[in-house]
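Visitor: Dropping a structure here in structure tokens format, bear with me for questions.
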Amino acid sequence: MEISWQAVVARRMRRHYLTEPAVSPVDAVRAMCGAHAQVLTAGETSVALRVEGATRETVQNDEGLVKTFGPRGTVHLLPLEDLPMWTGALSALLGGPPPPEAMRMTADQKAEVIAAIGEALSDAELTVDELSDEVVRRTGPWAGDLVMPAFQTWWPRWRQVIPDAANAGVLCYGANRGRVTTYTTPQRRGAFAPMDPERALPALLHSYLYAYGPATPQQFARWIKSTVTVVRPYFEGLPETEFGFVAPGDEEFTDEPVEGVHLLPYFDAYGVGCFPRELVFPGKALERATNRGQAGNYPLLLIDGSVAGVWHQKKSGRNLQVTVEPLVRLNRRQQAALAAAVDRVATIQSTKGTLTVGEITVGPHA
């Protein structure tokens, strides 16, 4: 299939609800193939931007979403209904290099810890310290050995299994106690079992291609943090374009361009999941808005589907000071749209926004 880059951009923008709003946060998150929520305020803002009239509170109150571990082992908001697919796919992927010998656990020990986590969370929301006590009580002192180096201290051995427990479908995040994180199990909201990996991985790939396609095996492997060797077989027989593969039966493109100015927060799915980087981040944007090609470290100014600058916010009480650094000259229409985009971000965060256009001197994650 021969298609234009303009058609690729237009399709992705529409699929991500950046041209027309989604009906609900669940619809938006499903369309994004997960919303990165390591920085929860940014994740909630990312979702709310795609739902008409939504605020962070709208996203927080949507019972169809769950905060758990998603692609690349990072914290994401995912649709509760889709957890069988996600857990089935993620649990089948190869892990990273083995940990130091002092930290290692046998397969039986890992299974024992996962079972203990599921039991402990079956009727409770526990802090990590409370969960640690329960896991050690149910398994043995070996699970509590302080062998994991972490932030100038040491964590107990069992904690390395937390992402595995999430991928097994027995752990997710609960409601915070003030500023303290808690864990619970998604099984409390309806029992389910992870989907068979041979069904789950193709289903996840097709969801990814619907949101971000066309894409190559290398790009999908990078997005999900796997290897090309693992994912390449699932691309066999898929329709192919000059920019990569698309999901079966999803070959429709249109050259009708998209227009609009958007302010996307840290780790917004559009910037993280769209490739090739040099086309999504054209010209100076590749250096200014990524960290050596790694997207997500800077909030993005998006103009007509392409990254055209970065921005930074500073909140003081009910006021939100937004500084935008465009990398292109803005016409009057785009300047007016940028002011409206600032107002939208401020409304989502229940603040009043003010806009400054100028150089941003703070670094990533500031």
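Chain identifiers are assigned as A, B, and so on, following the order in which chains appear in the structure tokens; residues are numbered from 1 within each chain, and ligands are numbered from 1 in order of appearance.
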Among region 187-364 of chain A, which residues carry a DSSP assignment of helix (DSSP H, G or I), reported as a ChimeraX atom specification?
Guide: /A:187-189,197-212,217-224,228-235,269-273,277-280,285-288,332-348
Visitor: Once DSSP has gone over the backbone, tell me which residues of region 88-201 of chain A are in strand (DSSP E), as a PyMOL selection string.
Guide: chain A and resi 146-150+153-156+172-173+183-184
Visitor: Considering only C-alpha atoms, return as a list in words whatever protein or nucleic-acid residues lie within 12 Å of Ala337 (chain A), sequence-local ones (same chain, fewer than 4 positions apart) excluded.
Guide: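 The residues satisfying every condition are Glu259, Gly260, Val261, His262, Leu263, Leu301, Leu302, Ile303, Asp304, Leu330, Asn331, Arg332, Arg333, Ala341, Val342, Asp343, Arg344 and Leu355 of chain A.
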Visitor: With all heavy atoms retained, export the selected residues as a tab-separated table (two decimals), in the first residue's frame.
Guide:
```
chain	number	residue	atom	x	y	z
A	259	GLU	N	-6.02	19.68	11.42
A	259	GLU	CA	-5.49	20.93	11.93
A	259	GLU	C	-5.84	21.05	13.40
A	259	GLU	O	-6.82	20.48	13.86
A	259	GLU	CB	-6.07	22.13	11.16
A	259	GLU	CG	-5.67	22.18	9.69
A	259	GLU	CD	-6.25	23.40	9.00
A	259	GLU	OE1	-7.14	24.06	9.58
A	259	GLU	OE2	-5.81	23.69	7.88
A	260	GLY	N	-5.00	21.77	14.13
A	260	GLY	CA	-5.29	21.97	15.53
A	260	GLY	C	-4.02	22.16	16.34
A	260	GLY	O	-2.93	21.75	15.93
A	261	VAL	N	-4.18	22.80	17.49
A	261	VAL	CA	-3.08	23.04	18.42
A	261	VAL	C	-3.42	22.33	19.72
A	261	VAL	O	-4.51	22.54	20.28
A	261	VAL	CB	-2.88	24.55	18.65
A	261	VAL	CG1	-1.81	24.79	19.71
A	261	VAL	CG2	-2.50	25.25	17.35
A	262	HIS	N	-2.50	21.49	20.20
A	262	HIS	CA	-2.73	20.72	21.42
A	262	HIS	C	-1.52	20.84	22.34
A	262	HIS	O	-0.38	20.91	21.88
A	262	HIS	CB	-2.96	19.24	21.11
A	262	HIS	CG	-4.14	18.97	20.24
A	262	HIS	ND1	-4.10	19.08	18.87
A	262	HIS	CD2	-5.42	18.60	20.55
A	262	HIS	CE1	-5.29	18.80	18.37
A	262	HIS	NE2	-6.10	18.51	19.36
A	263	LEU	N	-1.79	20.85	23.63
A	263	LEU	CA	-0.73	20.76	24.65
A	263	LEU	C	-0.85	19.39	25.30
A	263	LEU	O	-1.81	19.12	26.02
A	263	LEU	CB	-0.91	21.87	25.69
A	263	LEU	CG	-0.69	23.31	25.18
A	263	LEU	CD1	-0.97	24.32	26.29
A	263	LEU	CD2	0.72	23.51	24.64
A	301	LEU	N	4.07	20.55	22.53
A	301	LEU	CA	3.20	21.40	21.74
A	301	LEU	C	3.00	20.70	20.40
A	301	LEU	O	3.96	20.44	19.67
A	301	LEU	CB	3.83	22.77	21.52
A	301	LEU	CG	3.17	23.67	20.46
A	301	LEU	CD1	1.75	24.03	20.87
A	301	LEU	CD2	4.01	24.92	20.22
A	302	LEU	N	1.76	20.35	20.10
A	302	LEU	CA	1.44	19.62	18.88
A	302	LEU	C	0.65	20.55	17.95
A	302	LEU	O	-0.37	21.11	18.36
A	302	LEU	CB	0.60	18.39	19.22
A	302	LEU	CG	0.55	17.23	18.23
A	302	LEU	CD1	1.90	16.55	18.14
A	302	LEU	CD2	-0.52	16.22	18.63
A	303	ILE	N	1.16	20.74	16.74
A	303	ILE	CA	0.47	21.57	15.75
A	303	ILE	C	0.19	20.72	14.52
A	303	ILE	O	1.12	20.19	13.90
A	303	ILE	CB	1.29	22.81	15.38
A	303	ILE	CG1	1.49	23.71	16.60
A	303	ILE	CG2	0.60	23.60	14.26
A	303	ILE	CD1	2.29	24.96	16.33
A	304	ASP	N	-1.07	20.57	14.20
A	304	ASP	CA	-1.51	19.79	13.04
A	304	ASP	C	-0.90	18.38	13.04
A	304	ASP	O	-0.55	17.83	12.00
A	304	ASP	CB	-1.14	20.52	11.73
A	304	ASP	CG	-1.77	21.90	11.64
A	304	ASP	OD1	-2.73	22.16	12.38
A	304	ASP	OD2	-1.28	22.72	10.85
A	330	LEU	N	4.10	30.97	14.87
A	330	LEU	CA	2.66	30.73	14.94
A	330	LEU	C	1.91	31.86	14.24
A	330	LEU	O	2.21	33.04	14.46
A	330	LEU	CB	2.20	30.64	16.39
A	330	LEU	CG	2.90	29.62	17.30
A	330	LEU	CD1	2.27	29.65	18.69
A	330	LEU	CD2	2.83	28.23	16.72
A	331	ASN	N	0.92	31.48	13.42
A	331	ASN	CA	0.07	32.51	12.82
A	331	ASN	C	-1.01	32.90	13.82
A	331	ASN	O	-1.10	32.34	14.93
A	331	ASN	CB	-0.52	32.03	11.49
A	331	ASN	CG	-1.35	30.76	11.65
A	331	ASN	OD1	-2.03	30.58	12.66
A	331	ASN	ND2	-1.30	29.89	10.65
A	332	ARG	N	-1.85	33.85	13.45
A	332	ARG	CA	-2.86	34.34	14.39
A	332	ARG	C	-3.83	33.26	14.80
A	332	ARG	O	-4.24	33.17	15.97
A	332	ARG	CB	-3.61	35.52	13.76
A	332	ARG	CG	-2.77	36.79	13.65
A	332	ARG	CD	-3.62	37.95	13.18
A	332	ARG	NE	-2.84	39.19	13.12
A	332	ARG	CZ	-3.33	40.37	12.76
A	332	ARG	NH1	-4.63	40.46	12.44
A	332	ARG	NH2	-2.57	41.43	12.74
A	333	ARG	N	-4.23	32.42	13.85
A	333	ARG	CA	-5.15	31.34	14.18
A	333	ARG	C	-4.53	30.40	15.19
A	333	ARG	O	-5.19	29.97	16.16
A	333	ARG	CB	-5.53	30.58	12.90
A	333	ARG	CG	-6.40	29.35	13.15
A	333	ARG	CD	-6.66	28.58	11.88
A	333	ARG	NE	-5.43	28.08	11.29
A	333	ARG	CZ	-4.81	26.97	11.70
A	333	ARG	NH1	-5.29	26.26	12.72
A	333	ARG	NH2	-3.72	26.57	11.09
A	341	ALA	N	-5.98	26.23	24.21
A	341	ALA	CA	-5.41	24.98	24.73
A	341	ALA	C	-4.92	25.16	26.17
A	341	ALA	O	-5.07	24.27	27.01
A	341	ALA	CB	-4.26	24.51	23.83
A	342	VAL	N	-4.35	26.32	26.46
A	342	VAL	CA	-3.93	26.62	27.84
A	342	VAL	C	-5.15	26.65	28.77
A	342	VAL	O	-5.13	26.10	29.88
A	342	VAL	CB	-3.16	27.95	27.90
A	342	VAL	CG1	-2.94	28.39	29.36
A	342	VAL	CG2	-1.82	27.82	27.19
A	343	ASP	N	-6.21	27.31	28.33
A	343	ASP	CA	-7.43	27.36	29.14
A	343	ASP	C	-7.98	25.95	29.39
A	343	ASP	O	-8.46	25.66	30.49
A	343	ASP	CB	-8.50	28.20	28.43
A	343	ASP	CG	-8.18	29.69	28.44
A	343	ASP	OD1	-7.35	30.11	29.27
A	343	ASP	OD2	-8.75	30.42	27.61
A	344	ARG	N	-7.89	25.09	28.38
A	344	ARG	CA	-8.41	23.72	28.53
A	344	ARG	C	-7.59	22.95	29.56
A	344	ARG	O	-8.16	22.26	30.43
A	344	ARG	CB	-8.36	22.99	27.18
A	344	ARG	CG	-8.86	21.57	27.24
A	344	ARG	CD	-10.38	21.50	27.38
A	344	ARG	NE	-10.83	20.13	27.51
A	344	ARG	CZ	-11.26	19.58	28.64
A	344	ARG	NH1	-11.32	20.31	29.75
A	344	ARG	NH2	-11.67	18.33	28.68
A	355	LEU	N	-0.85	32.37	30.01
A	355	LEU	CA	0.08	31.91	28.99
A	355	LEU	C	1.24	32.88	28.82
A	355	LEU	O	1.04	34.10	28.73
A	355	LEU	CB	-0.65	31.76	27.65
A	355	LEU	CG	0.21	31.59	26.39
A	355	LEU	CD1	1.02	30.30	26.46
A	355	LEU	CD2	-0.66	31.63	25.13
```
Visitor: Ranking A:Val230, A:Leu320, A:Val180, A:Cys172 by minimum distance to Asp129 (chain A) and counting only C-alpha atoms, which one comes first?
Guide: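 Checking each of A:Val230, A:Leu320, A:Val180, A:Cys172 against Asp129 (chain A), counting only C-alpha atoms, the winner is A:Val180.
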Visitor: Work out how far apart CA of Ala111 (chain A) and CA of Val135 (chain A) are and give it in Å to one decimal.
Guide: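 Interatomic distance, CA of Ala111 (chain A) to CA of Val135 (chain A): 11.9 Å.
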Visitor: Write out as a list in words each polymer residue whose atoms come within 12 Å of Ala191 (chain A), counting only C-alpha atoms; drop sequence neighbours fewer than 5 positions from it.
Guide: Leu80, Glu81, Leu83, Pro84, Gly118, Ser122, Gly169, Val170, Thr185 and Pro186 of chain A
Visitor: For Ser207 (chain A), work out the shell of residues within 10 Å, counting only C-alpha atoms and skipping chain neighbours fewer than 3 positions away, then give it as a ChimeraX atom specification.
Guide: /A:30-33,201-204,210-213,247
Visitor: Mind dumping the selected residues with all heavy atoms as an mmCIF file, in the first residue's frame?
Guide:
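That gives us out26.cif:
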```cif
data_model
loop_
_atom_site.group_PDB
_atom_site.id
_atom_site.type_symbol
_atom_site.label_atom_id
_atom_site.label_comp_id
_atom_site.auth_asym_id
_atom_site.auth_seq_id
_atom_site.Cartn_x
_atom_site.Cartn_y
_atom_site.Cartn_z
ATOM 1 N N ARG A 30 -8.701 3.253 25.980
ATOM 2 C CA ARG A 30 -8.634 2.100 25.076
ATOM 3 C C ARG A 30 -8.073 2.523 23.716
ATOM 4 O O ARG A 30 -7.255 1.805 23.121
ATOM 5 C CB ARG A 30 -10.012 1.475 24.918
ATOM 6 C CG ARG A 30 -10.022 0.264 23.983
ATOM 7 C CD ARG A 30 -11.366 -0.422 23.947
ATOM 8 N NE ARG A 30 -11.623 -1.146 25.193
ATOM 9 C CZ ARG A 30 -12.632 -0.881 26.024
ATOM 10 N NH1 ARG A 30 -13.489 0.096 25.732
ATOM 11 N NH2 ARG A 30 -12.799 -1.574 27.128
ATOM 12 N N ALA A 31 -8.489 3.681 23.238
ATOM 13 C CA ALA A 31 -8.006 4.167 21.953
ATOM 14 C C ALA A 31 -6.515 4.477 21.988
ATOM 15 O O ALA A 31 -5.818 4.321 20.984
ATOM 16 C CB ALA A 31 -8.788 5.413 21.536
ATOM 17 N N MET A 32 -6.011 4.910 23.141
ATOM 18 C CA MET A 32 -4.590 5.211 23.302
ATOM 19 C C MET A 32 -3.761 3.966 23.555
ATOM 20 O O MET A 32 -2.538 4.032 23.601
ATOM 21 C CB MET A 32 -4.414 6.173 24.486
ATOM 22 C CG MET A 32 -5.103 7.505 24.336
ATOM 23 S SD MET A 32 -5.427 8.310 25.940
ATOM 24 C CE MET A 32 -3.773 8.726 26.464
ATOM 25 N N CYS A 33 -4.435 2.835 23.755
ATOM 26 C CA CYS A 33 -3.762 1.589 24.134
ATOM 27 C C CYS A 33 -3.028 1.780 25.465
ATOM 28 O O CYS A 33 -1.883 1.376 25.641
ATOM 29 C CB CYS A 33 -2.794 1.150 23.039
ATOM 30 S SG CYS A 33 -2.676 -0.645 22.830
ATOM 31 N N LEU A 201 -1.343 -11.793 22.741
ATOM 32 C CA LEU A 201 -0.334 -10.982 22.051
ATOM 33 C C LEU A 201 -0.825 -10.468 20.702
ATOM 34 O O LEU A 201 -0.649 -9.283 20.392
ATOM 35 C CB LEU A 201 0.964 -11.777 21.903
ATOM 36 C CG LEU A 201 1.901 -11.686 23.112
ATOM 37 C CD1 LEU A 201 3.038 -12.691 23.001
ATOM 38 C CD2 LEU A 201 2.472 -10.280 23.245
ATOM 39 N N PRO A 202 -1.461 -11.298 19.860
ATOM 40 C CA PRO A 202 -2.029 -10.730 18.629
ATOM 41 C C PRO A 202 -3.097 -9.674 18.904
ATOM 42 O O PRO A 202 -3.187 -8.671 18.188
ATOM 43 C CB PRO A 202 -2.613 -11.955 17.914
ATOM 44 C CG PRO A 202 -1.862 -13.117 18.454
ATOM 45 C CD PRO A 202 -1.566 -12.767 19.877
ATOM 46 N N ALA A 203 -3.912 -9.891 19.932
ATOM 47 C CA ALA A 203 -4.961 -8.912 20.247
ATOM 48 C C ALA A 203 -4.338 -7.585 20.663
ATOM 49 O O ALA A 203 -4.803 -6.508 20.244
ATOM 50 C CB ALA A 203 -5.863 -9.450 21.360
ATOM 51 N N LEU A 204 -3.290 -7.635 21.482
ATOM 52 C CA LEU A 204 -2.624 -6.399 21.900
ATOM 53 C C LEU A 204 -1.930 -5.740 20.715
ATOM 54 O O LEU A 204 -1.974 -4.513 20.559
ATOM 55 C CB LEU A 204 -1.621 -6.687 23.012
ATOM 56 C CG LEU A 204 -0.860 -5.464 23.554
ATOM 57 C CD1 LEU A 204 -1.825 -4.389 24.035
ATOM 58 C CD2 LEU A 204 0.096 -5.877 24.665
ATOM 59 N N TYR A 210 -3.982 -0.346 15.638
ATOM 60 C CA TYR A 210 -5.157 0.505 15.419
ATOM 61 C C TYR A 210 -4.864 1.926 15.897
ATOM 62 O O TYR A 210 -5.270 2.901 15.256
ATOM 63 C CB TYR A 210 -6.365 -0.059 16.160
ATOM 64 C CG TYR A 210 -7.645 0.699 15.893
ATOM 65 C CD1 TYR A 210 -8.430 0.398 14.784
ATOM 66 C CD2 TYR A 210 -8.057 1.734 16.728
ATOM 67 C CE1 TYR A 210 -9.599 1.105 14.519
ATOM 68 C CE2 TYR A 210 -9.217 2.448 16.479
ATOM 69 C CZ TYR A 210 -9.989 2.120 15.373
ATOM 70 O OH TYR A 210 -11.139 2.839 15.112
ATOM 71 N N ALA A 211 -4.145 2.058 17.008
ATOM 72 C CA ALA A 211 -3.853 3.371 17.575
ATOM 73 C C ALA A 211 -2.658 4.041 16.920
ATOM 74 O O ALA A 211 -2.658 5.263 16.718
ATOM 75 C CB ALA A 211 -3.614 3.252 19.077
ATOM 76 N N TYR A 212 -1.624 3.268 16.592
ATOM 77 C CA TYR A 212 -0.346 3.848 16.186
ATOM 78 C C TYR A 212 0.122 3.424 14.795
ATOM 79 O O TYR A 212 1.144 3.901 14.320
ATOM 80 C CB TYR A 212 0.748 3.468 17.189
ATOM 81 C CG TYR A 212 0.464 3.922 18.580
ATOM 82 C CD1 TYR A 212 -0.091 3.068 19.524
ATOM 83 C CD2 TYR A 212 0.725 5.229 18.970
ATOM 84 C CE1 TYR A 212 -0.367 3.489 20.811
ATOM 85 C CE2 TYR A 212 0.458 5.667 20.249
ATOM 86 C CZ TYR A 212 -0.090 4.786 21.170
ATOM 87 O OH TYR A 212 -0.365 5.218 22.437
ATOM 88 N N GLY A 213 -0.582 2.495 14.169
ATOM 89 C CA GLY A 213 -0.139 2.010 12.880
ATOM 90 C C GLY A 213 -0.204 3.088 11.806
ATOM 91 O O GLY A 213 -0.919 4.090 11.950
ATOM 92 N N ALA A 247 -3.305 -3.347 11.127
ATOM 93 C CA ALA A 247 -4.098 -4.500 11.556
ATOM 94 C C ALA A 247 -4.927 -5.019 10.386
ATOM 95 O O ALA A 247 -5.291 -4.263 9.479
ATOM 96 C CB ALA A 247 -5.001 -4.114 12.725
#
```
Visitor: Which of these residues is nearest to Arg14 (chain A), using only C-alpha atoms: A:Gly363, A:Gly305, A:Pro97, A:Gly353?
Guide: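 Checking each candidate against Arg14 (chain A), we get A:Gly305 as the closest.
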Visitor: Can you pull out the residues contacting Phe245 (chain A)? Cut-off 9 Å, using only C-alpha atoms, and skip same-chain residues under 2 positions away; I want them as a list in words.
Guide: Leu209, Gly213, Pro214, Ala215, Thr216, Pro217, Phe235, Leu238, Pro239, Glu240, Thr241, Glu242, Phe243 and Ala247 of chain A
Visitor: What lies within 10 Å of Ile114 (chain A) using only C-alpha atoms, ignoring chain neighbours under 3 positions off, as a list of chain:residue names?
Guide: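 Everything that qualifies: A:Asp108, A:Gln109, A:Lys110, A:Ala111, A:Ile117, A:Gly118, A:Glu119, A:Ala120, A:Val135, A:Trp158, A:Val161, A:Ile162, A:Pro163, A:Asp164, A:Ala165, A:Ala166, A:Ala168, A:Gly169, A:Val170, A:Leu171.
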Visitor: Rank nothing, just name the residue among A:Ile360, A:Met195, A:Leu78, A:Val23 nearest to Thr58 (chain A), using only C-alpha atoms.
Guide: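 So, comparing all the options, the nearest one is A:Val23.
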Visitor: CA of Ser306 (chain A) to CA of Pro282 (chain A): how many Å, to one decimal?
Guide: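 About the pair CA of Ser306 (chain A) and CA of Pro282 (chain A): they are 7.2 Å apart.
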Visitor: Looking at only C-alpha atoms, which of A:Val258, A:Arg318, A:Arg222, A:Pro21 is the one that sits closest to Gln294 (chain A)?
Guide: A:Arg222
Visitor: Could you please determine the separation between CA of Leu300 (chain A) and CA of Glu325 (chain A) in Å, to one decimal place?
Guide: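 These two atoms are separated by 9.5 Å.
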